[in-house]
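Raw coords22.txt, compact mmCIF, C-alpha atoms:
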# COMPACT_ATOMS: atom_id res chain seq x y z
CA MET A 1 -15.39 3.35 -0.70
CA ALA A 2 -12.86 5.80 -2.09
CA ASP A 3 -13.15 6.80 -5.73
CA PRO A 4 -10.16 5.30 -7.65
CA ARG A 5 -9.62 8.74 -9.14
CA GLU A 6 -9.37 10.20 -5.62
CA VAL A 7 -6.72 7.61 -4.75
CA ARG A 8 -4.72 8.47 -7.88
CA GLU A 9 -4.93 12.18 -7.14
CA VAL A 10 -3.75 11.88 -3.53
CA LEU A 11 -0.93 9.55 -4.58
CA GLU A 12 0.20 12.11 -7.13
CA ASP A 13 0.09 14.83 -4.48
CA LEU A 14 2.04 12.56 -2.13
CA ARG A 15 4.69 12.15 -4.83
CA ALA A 16 4.91 15.91 -5.32
CA GLU A 17 5.15 16.58 -1.58
CA GLY A 18 7.99 14.10 -1.23
CA GLU A 19 9.84 15.57 -4.19
CA GLU A 20 9.59 19.08 -2.76
CA LEU A 21 11.18 17.98 0.50
CA ASP A 22 13.74 15.88 -1.41
CA GLY A 23 14.79 19.06 -3.17
CA LEU A 24 15.60 20.68 0.18
CA VAL A 25 17.86 17.90 1.44
CA ALA A 26 19.35 16.30 -1.68
CA GLY A 27 22.20 18.78 -2.03
CA LEU A 28 22.97 19.30 1.66
CA PRO A 29 26.57 18.77 2.75
CA GLU A 30 26.86 15.75 5.02
CA GLU A 31 27.42 17.87 8.13
CA GLU A 32 24.17 19.78 7.53
CA TRP A 33 22.15 16.63 8.15
CA GLY A 34 23.08 17.09 11.81
CA ARG A 35 21.51 20.56 11.94
CA ALA A 36 18.90 20.90 14.71
CA THR A 37 15.25 21.39 13.72
CA PRO A 38 12.46 22.99 15.77
CA ALA A 39 11.47 19.52 17.03
CA ALA A 40 13.38 19.09 20.28
CA GLY A 41 16.21 16.59 19.91
CA TRP A 42 15.59 15.99 16.21
CA THR A 43 18.04 16.90 13.47
CA ILE A 44 17.30 17.01 9.75
CA ALA A 45 18.48 13.39 9.65
CA HIS A 46 15.92 12.45 12.31
CA GLN A 47 13.14 14.06 10.28
CA ILE A 48 13.97 12.14 7.10
CA ALA A 49 14.61 8.93 9.04
CA HIS A 50 11.18 9.19 10.64
CA LEU A 51 9.51 9.61 7.26
CA ALA A 52 11.44 6.65 5.84
CA TRP A 53 10.55 4.47 8.82
CA THR A 54 6.85 5.36 8.68
CA ASP A 55 6.64 4.81 4.92
CA GLU A 56 8.16 1.37 5.47
CA ARG A 57 5.59 0.58 8.16
CA ALA A 58 2.79 1.63 5.80
CA VAL A 59 4.15 -0.73 3.12
CA GLN A 60 4.42 -3.49 5.69
CA SER A 61 0.80 -3.01 6.77
CA ALA A 62 -0.26 -3.75 3.18
CA VAL A 63 2.08 -6.62 2.27
CA ASP A 64 2.84 -8.23 5.65
CA PRO A 65 -0.03 -7.62 8.08
CA ASP A 66 1.27 -10.21 10.55
CA GLY A 67 4.66 -8.53 10.68
CA PHE A 68 2.97 -5.17 11.07
CA ALA A 69 0.87 -6.52 13.96
CA ALA A 70 4.14 -7.41 15.70
CA GLU A 71 5.34 -3.83 15.13
CA VAL A 72 2.14 -2.52 16.72
CA ARG A 73 2.69 -4.71 19.78
CA THR A 74 6.21 -3.30 20.09
CA ALA A 75 4.82 0.22 19.85
CA LEU A 76 2.20 -0.46 22.52
CA ALA A 77 4.96 -1.63 24.86
CA SER A 78 6.66 1.79 24.63
CA PRO A 79 4.07 4.24 23.27
CA GLU A 80 5.97 7.34 24.34
CA THR A 81 9.32 6.39 22.83
CA PHE A 82 8.92 4.08 19.82
CA VAL A 83 8.67 6.95 17.31
CA ASP A 84 11.85 8.61 18.62
CA GLU A 85 13.63 5.25 18.67
CA GLY A 86 12.79 4.61 15.01
CA ALA A 87 14.02 8.06 14.02
CA GLU A 88 17.22 7.65 16.04
CA ARG A 89 18.11 4.36 14.34
CA GLY A 90 17.70 5.86 10.91
CA ALA A 91 19.52 9.06 11.79
CA ARG A 92 22.69 7.04 12.49
CA LEU A 93 22.95 6.10 8.81
CA ALA A 94 25.22 7.99 6.46
CA PRO A 95 23.17 10.77 4.82
CA ALA A 96 23.51 9.27 1.32
CA GLU A 97 22.29 5.90 2.58
CA LEU A 98 19.40 7.48 4.48
CA LEU A 99 18.35 9.55 1.48
CA ALA A 100 18.42 6.48 -0.79
CA ARG A 101 16.38 4.51 1.74
CA TRP A 102 13.75 7.24 1.97
CA ARG A 103 13.50 7.59 -1.81
CA ALA A 104 13.12 3.84 -2.32
CA GLY A 105 10.58 3.56 0.47
CA ARG A 106 8.31 6.32 -0.72
CA ALA A 107 8.35 4.98 -4.30
CA GLU A 108 7.49 1.51 -3.01
CA LEU A 109 4.69 2.94 -0.88
CA ARG A 110 3.04 4.62 -3.86
CA ARG A 111 3.37 1.41 -5.90
CA VAL A 112 1.86 -0.74 -3.16
CA LEU A 113 -1.01 1.63 -2.44
CA ALA A 114 -1.85 2.00 -6.13
CA ALA A 115 -2.09 -1.80 -6.40
CA GLN A 116 -4.61 -2.22 -3.57
CA PRO A 117 -8.12 -3.39 -4.54
CA ALA A 118 -11.03 -0.99 -4.29
CA GLY A 119 -12.38 -0.81 -0.77
CA ALA A 120 -9.24 -2.23 0.85
CA LYS A 121 -8.62 -1.38 4.49
CA LEU A 122 -5.08 -1.46 5.84
CA PRO A 123 -4.16 -1.99 9.50
CA TRP A 124 -2.55 0.92 11.30
CA TYR A 125 -1.69 2.07 14.82
CA GLY A 126 -5.37 2.81 15.38
CA PRO A 127 -8.42 1.70 13.38
CA PRO A 128 -7.85 0.25 9.89
CA MET A 129 -7.57 2.90 7.19
CA SER A 130 -8.61 3.14 3.56
CA VAL A 131 -5.94 3.45 0.89
CA ALA A 132 -6.83 7.11 0.35
CA SER A 133 -6.57 7.77 4.10
CA VAL A 134 -3.17 6.10 4.35
CA ALA A 135 -1.86 8.16 1.42
CA THR A 136 -3.34 11.35 2.87
CA GLY A 137 -1.79 10.63 6.24
CA ARG A 138 1.61 10.10 4.65
CA LEU A 139 1.26 13.39 2.76
CA MET A 140 0.35 15.20 5.97
CA GLU A 141 3.41 13.84 7.75
CA THR A 142 5.69 14.57 4.81
CA TRP A 143 4.47 18.16 4.75
CA ALA A 144 4.74 18.62 8.53
CA HIS A 145 8.23 17.16 8.89
CA GLY A 146 9.22 19.00 5.75
CA GLN A 147 8.21 22.20 7.51
CA ASP A 148 10.63 21.41 10.32
CA VAL A 149 13.40 20.87 7.77
CA ALA A 150 12.54 24.10 5.96
CA ASP A 151 12.52 26.04 9.23
CA ALA A 152 15.90 24.58 10.19
CA LEU A 153 17.33 25.71 6.86
CA GLY A 154 15.64 29.10 6.92
CA VAL A 155 13.68 28.28 3.77
CA ARG A 156 10.22 29.70 3.13
CA ARG A 157 8.08 27.21 1.24
CA VAL A 158 5.30 28.36 -1.06
CA PRO A 159 1.94 26.94 0.11
CA THR A 160 0.17 24.74 -2.44
CA ALA A 161 -3.28 23.24 -2.95
CA ARG A 162 -1.90 20.05 -1.37
CA LEU A 163 -2.62 21.69 1.98
CA ARG A 164 -6.26 20.72 1.51
CA HIS A 165 -5.34 17.15 2.44
CA VAL A 166 -3.69 18.33 5.64
CA ALA A 167 -6.60 20.60 6.52
CA ARG A 168 -9.11 17.81 5.95
CA ILE A 169 -7.26 15.50 8.31
CA GLY A 170 -7.06 18.26 10.90
CA VAL A 171 -10.83 18.74 10.78
CA ARG A 172 -11.65 15.02 10.75
CA ALA A 173 -9.30 14.38 13.69
CA ARG A 174 -11.15 16.84 15.94
CA ASP A 175 -12.77 14.21 18.15
CA TYR A 176 -9.52 12.23 18.33
CA ALA A 177 -7.75 15.26 19.79
CA TYR A 178 -10.25 15.22 22.64
CA ALA A 179 -10.26 11.44 23.11
CA VAL A 180 -6.46 11.13 23.30
CA ARG A 181 -6.56 13.60 26.21
CA GLY A 182 -9.40 11.78 27.98
CA LEU A 183 -11.88 14.53 27.11
CA THR A 184 -15.40 14.31 25.72
CA PRO A 185 -15.68 15.96 22.30
CA PRO A 186 -18.50 18.41 21.58
CA GLY A 187 -21.67 16.87 20.23
CA GLU A 188 -22.11 19.22 17.29
CA GLU A 189 -19.96 19.78 14.21
CA PHE A 190 -17.93 22.96 13.75
CA ARG A 191 -17.79 25.12 10.65
CA VAL A 192 -14.24 25.61 9.38
CA GLU A 193 -13.52 28.17 6.65
CA LEU A 194 -9.97 28.49 5.35
CA ALA A 195 -8.45 30.83 2.80
CA ALA A 196 -6.63 28.59 0.31
CA PRO A 197 -3.31 29.53 -1.32
CA ASP A 198 -5.06 30.30 -4.62
CA GLY A 199 -7.63 32.61 -3.04
CA GLU A 200 -10.48 30.11 -2.85
CA VAL A 201 -12.17 29.29 0.46
CA TRP A 202 -12.15 25.70 1.68
CA THR A 203 -15.13 24.86 3.88
CA PHE A 204 -15.80 21.97 6.22
CA GLY A 205 -18.85 21.35 8.37
CA PRO A 206 -22.40 22.77 8.29
CA GLN A 207 -22.75 26.35 7.16
CA GLY A 208 -25.04 27.30 10.02
CA ALA A 209 -22.91 25.86 12.84
CA ALA A 210 -22.62 28.11 15.90
CA GLN A 211 -19.02 27.04 16.57
CA ARG A 212 -16.68 28.33 13.86
CA VAL A 213 -13.00 28.47 12.95
CA THR A 214 -11.59 30.79 10.29
CA GLY A 215 -8.12 31.64 9.03
CA THR A 216 -5.66 30.80 6.28
CA ALA A 217 -5.18 27.20 5.26
CA LEU A 218 -1.45 27.51 5.95
CA ASP A 219 -1.92 28.74 9.51
CA PHE A 220 -4.55 26.11 10.24
CA CYS A 221 -2.33 23.33 8.93
CA LEU A 222 0.65 24.58 10.91
CA LEU A 223 -1.54 24.59 14.01
CA VAL A 224 -3.10 21.13 13.67
CA THR A 225 0.27 19.55 12.87
CA GLN A 226 1.60 21.35 15.97
CA ARG A 227 4.35 23.15 14.07
CA VAL A 228 3.51 26.47 15.72
CA HIS A 229 1.95 27.74 18.91
CA ARG A 230 -1.56 29.05 18.58
CA ASP A 231 -0.39 32.55 19.53
CA ASP A 232 1.78 32.67 16.40
CA VAL A 233 -0.96 32.10 13.82
CA SER A 234 -4.05 34.04 12.79
CA VAL A 235 -6.66 31.33 13.26
CA VAL A 236 -9.83 32.63 14.92
CA ALA A 237 -12.40 30.66 16.89
CA THR A 238 -16.02 31.69 17.45
CA GLY A 239 -17.56 29.87 20.38
CA ALA A 240 -16.11 28.37 23.54
CA ASP A 241 -15.93 24.82 22.15
CA ALA A 242 -14.14 25.89 18.99
CA ASP A 243 -11.76 27.97 21.07
CA ARG A 244 -10.94 24.99 23.27
CA TRP A 245 -10.35 22.79 20.22
CA LEU A 246 -7.71 25.11 18.81
CA ASP A 247 -5.75 24.69 22.04
CA ILE A 248 -5.57 20.89 21.63
CA ALA A 249 -5.97 20.25 17.89
CA GLN A 250 -3.74 17.58 16.34
CA SER A 251 -3.87 15.91 12.95
CA PHE A 252 -1.60 12.97 13.80
CA ALA A 253 -2.26 9.66 15.54
CA GLY A 254 -0.63 8.79 18.83
CA PRO A 255 -0.29 10.54 22.19
CA ALA A 256 -1.01 14.24 22.53
CA GLY A 257 2.10 16.09 21.46
CA PRO A 258 3.79 18.76 23.57
CA GLY A 259 3.29 21.33 20.82
CA ARG A 260 5.59 24.28 20.29
CA ALA A 261 6.37 27.20 22.55
CA PRO A 262 5.01 30.62 21.56
CA GLY A 263 7.35 32.95 19.72
CA GLY A 264 8.93 30.21 17.65
CA VAL A 265 9.61 30.41 13.94
CA ARG A 266 7.97 33.56 12.59
CA ARG A 267 6.31 33.72 9.17
Here is the file; what I need is its structure written in the form of structure tokens.
Amino acid sequence: MADPREVREVLEDLRAEGEELDGLVAGLPEEEWGRATPAAGWTIAHQIAHLAWTDERAVQSAVDPDGFAAEVRTALASPETFVDEGAERGARLAPAELLARWRAGRAELRRVLAAQPAGAKLPWYGPPMSVASVATGRLMETWAHGQDVADALGVRRVPTARLRHVARIGVRARDYAYAVRGLTPPGEEFRVELAAPDGEVWTFGPQGAAQRVTGTALDFCLLVTQRVHRDDVSVVATGADADRWLDIAQSFAGPAGPGRAPGGVRR
């Protein structure tokens, strides 16, 4: 059961992550919403529309589980396209309307999650998730899609301690990255050591593990959210299993993504 304080902290970080991205798009001229991002076929409008749509689905999972179950059935009928279809519908809205929808949705999501009873599990597109996990997942997606927007605008964002949430999901999703590709995950845990933005070192997994991954938290998070190709970050694997994982790592649910080509956005 998640500590109520942990839930409050991740909800506050989710608020801050949304506000940072809001600051990038709020003053954009209407035509700039059509600017292409590094995600093939997605404009800035698609990125924000996707976040708005997913926040709305997360609210629905908490307040209307039957309606959400119907959404899941629709997704299962077209697993490769339903995400793009949701983003495309939202991207057709006027930018001011889309921005207002996203703002209202993310505020409602925080309100609904904060009101959930201790120990609540919410349905999702995979196994049910705790309130803290739902909030963390929304933060991860907000950060990742925000990176695409920042890259499209040529903006360099300052890494924050909120990356710890993204890194934790990336580590915990290790076995999922194998399973979604029909592969058997390694039997032992890996040790992951990441240099945090403030100079600390974030560690995951047993200290004495033979398979290890090291690097900066920013590079690791960019890799597991598939915002860069592995060749473009300084994340180092020790051991054949850890090396293989870095080729397929993903922090998000759903089918294995195509990833990004090497030599993309340089940092």
Please report as CSV every residue of segment 81-163 of chain A lying within 9 Å of segment 29-47 of chain A, along with the nearest atom pair and their distance in Å (one decimal), using only C-alpha atoms.
residue,atom,partner,partner_atom,distance
A:Asp84,CA,A:His46,CA,8.4
A:Gly86,CA,A:His46,CA,8.9
A:Ala87,CA,A:His46,CA,5.1
A:Glu88,CA,A:His46,CA,6.2
A:Arg89,CA,A:His46,CA,8.6
A:Gly90,CA,A:His46,CA,7.0
A:Ala91,CA,A:Ala45,CA,4.9
A:Arg92,CA,A:Ala45,CA,8.1
A:Leu93,CA,A:Ala45,CA,8.6
A:Ala94,CA,A:Glu30,CA,8.1
A:Pro95,CA,A:Glu30,CA,6.2
A:Ala96,CA,A:Glu30,CA,8.2
A:Leu98,CA,A:Ala45,CA,7.9
A:His145,CA,A:Gln47,CA,6.0
A:Gly146,CA,A:Gln47,CA,7.8
A:Asp148,CA,A:Thr37,CA,5.7
A:Val149,CA,A:Ile44,CA,5.8
A:Ala150,CA,A:Thr37,CA,8.7
A:Asp151,CA,A:Thr37,CA,7.0
A:Ala152,CA,A:Thr37,CA,4.8
A:Leu153,CA,A:Arg35,CA,8.4
What is the atom CA of Arg5 of chain A to atom CA of Ala120 of chain A distance in Å?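 Between atom CA of Arg5 of chain A and atom CA of Ala120 of chain A the gap works out to 14.8 Å.
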For segment 164-171 of chain A, work out the shell of residues within 8 Å, counting only C-alpha atoms and skipping chain neighbours fewer than 3 positions away, then give it as a PyMOL selection string. chain A and resi 136-137+139-140+161+174+192+196+202+204+217+220-221+224-225+249-251
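Residues in contact with Pro185 of chain A at up to 12 Å, not including ones fewer than 3 positions away on its chain and judged by all atoms listed in the file, are Ala173, Arg174, Asp175, Tyr176, Ala177, Tyr178, Ala179, Val180, Arg181, Gly182, Glu188, Glu189, Phe190, Asp241, Ala242, Arg244, Trp245, Ile248 and Ala249 of chain A.
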Pick out the closest residue to Pro255 of chain A from this set: A:Glu17, A:Glu80, A:Glu9, A:Asp55. Count all atoms listed in the file.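 Of the candidates, the smallest distance to Pro255 of chain A is held by A:Glu80.
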Atom CA of Met129 of chain A sits from atom CA of Gln60 of chain A at a separation of 13.7 Å
From (-26.5, 26.9, 12.1), in the file's coordinates, out to 10 Å: which residues are reached, counting all atoms listed in the file? Answer as a list in words.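 Nearby residues: Glu189, Phe190, Arg191, Pro206, Gln207, Gly208, Ala209, Ala210 and Gln211 of chain A.
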Go through A:Leu194, A:Leu11, A:Ala69, A:Ala256 one by one, measure the shortest atom-to-atom distance of each to Ser234 of chain A using only C-alpha atoms, and give the residue with the smallest value.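 Closest to Ser234 of chain A of all the choices is A:Leu194.
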If you measure from atom CA of Ala49 of chain A to atom CA of Val83 of chain A, what distance in Å do you get, rounded to one decimal?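 So the answer is 10.4 Å.
Taking all atoms listed in the file into account, Ala26 of chain A lies nearest to A:Leu99 out of the set A:Val72, A:Leu99, A:Val59, A:Val228.
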When you look at segment 130-132 of chain A with a cut-off of 12 Å (counting only C-alpha atoms), what residues show up, excluding the ones that are within fewer than 3 positions of it in the same chain? I need them as a PyMOL selection string. chain A and resi 1-14+58-59+61-62+109-124+127+135-139+165+169
From the list A:Trp53, A:Leu218, A:Leu21, A:Gly263, which residue is nearest Thr142 of chain A when using all atoms listed in the file?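 Counting all atoms listed in the file, the residue closest to Thr142 of chain A is A:Leu21.
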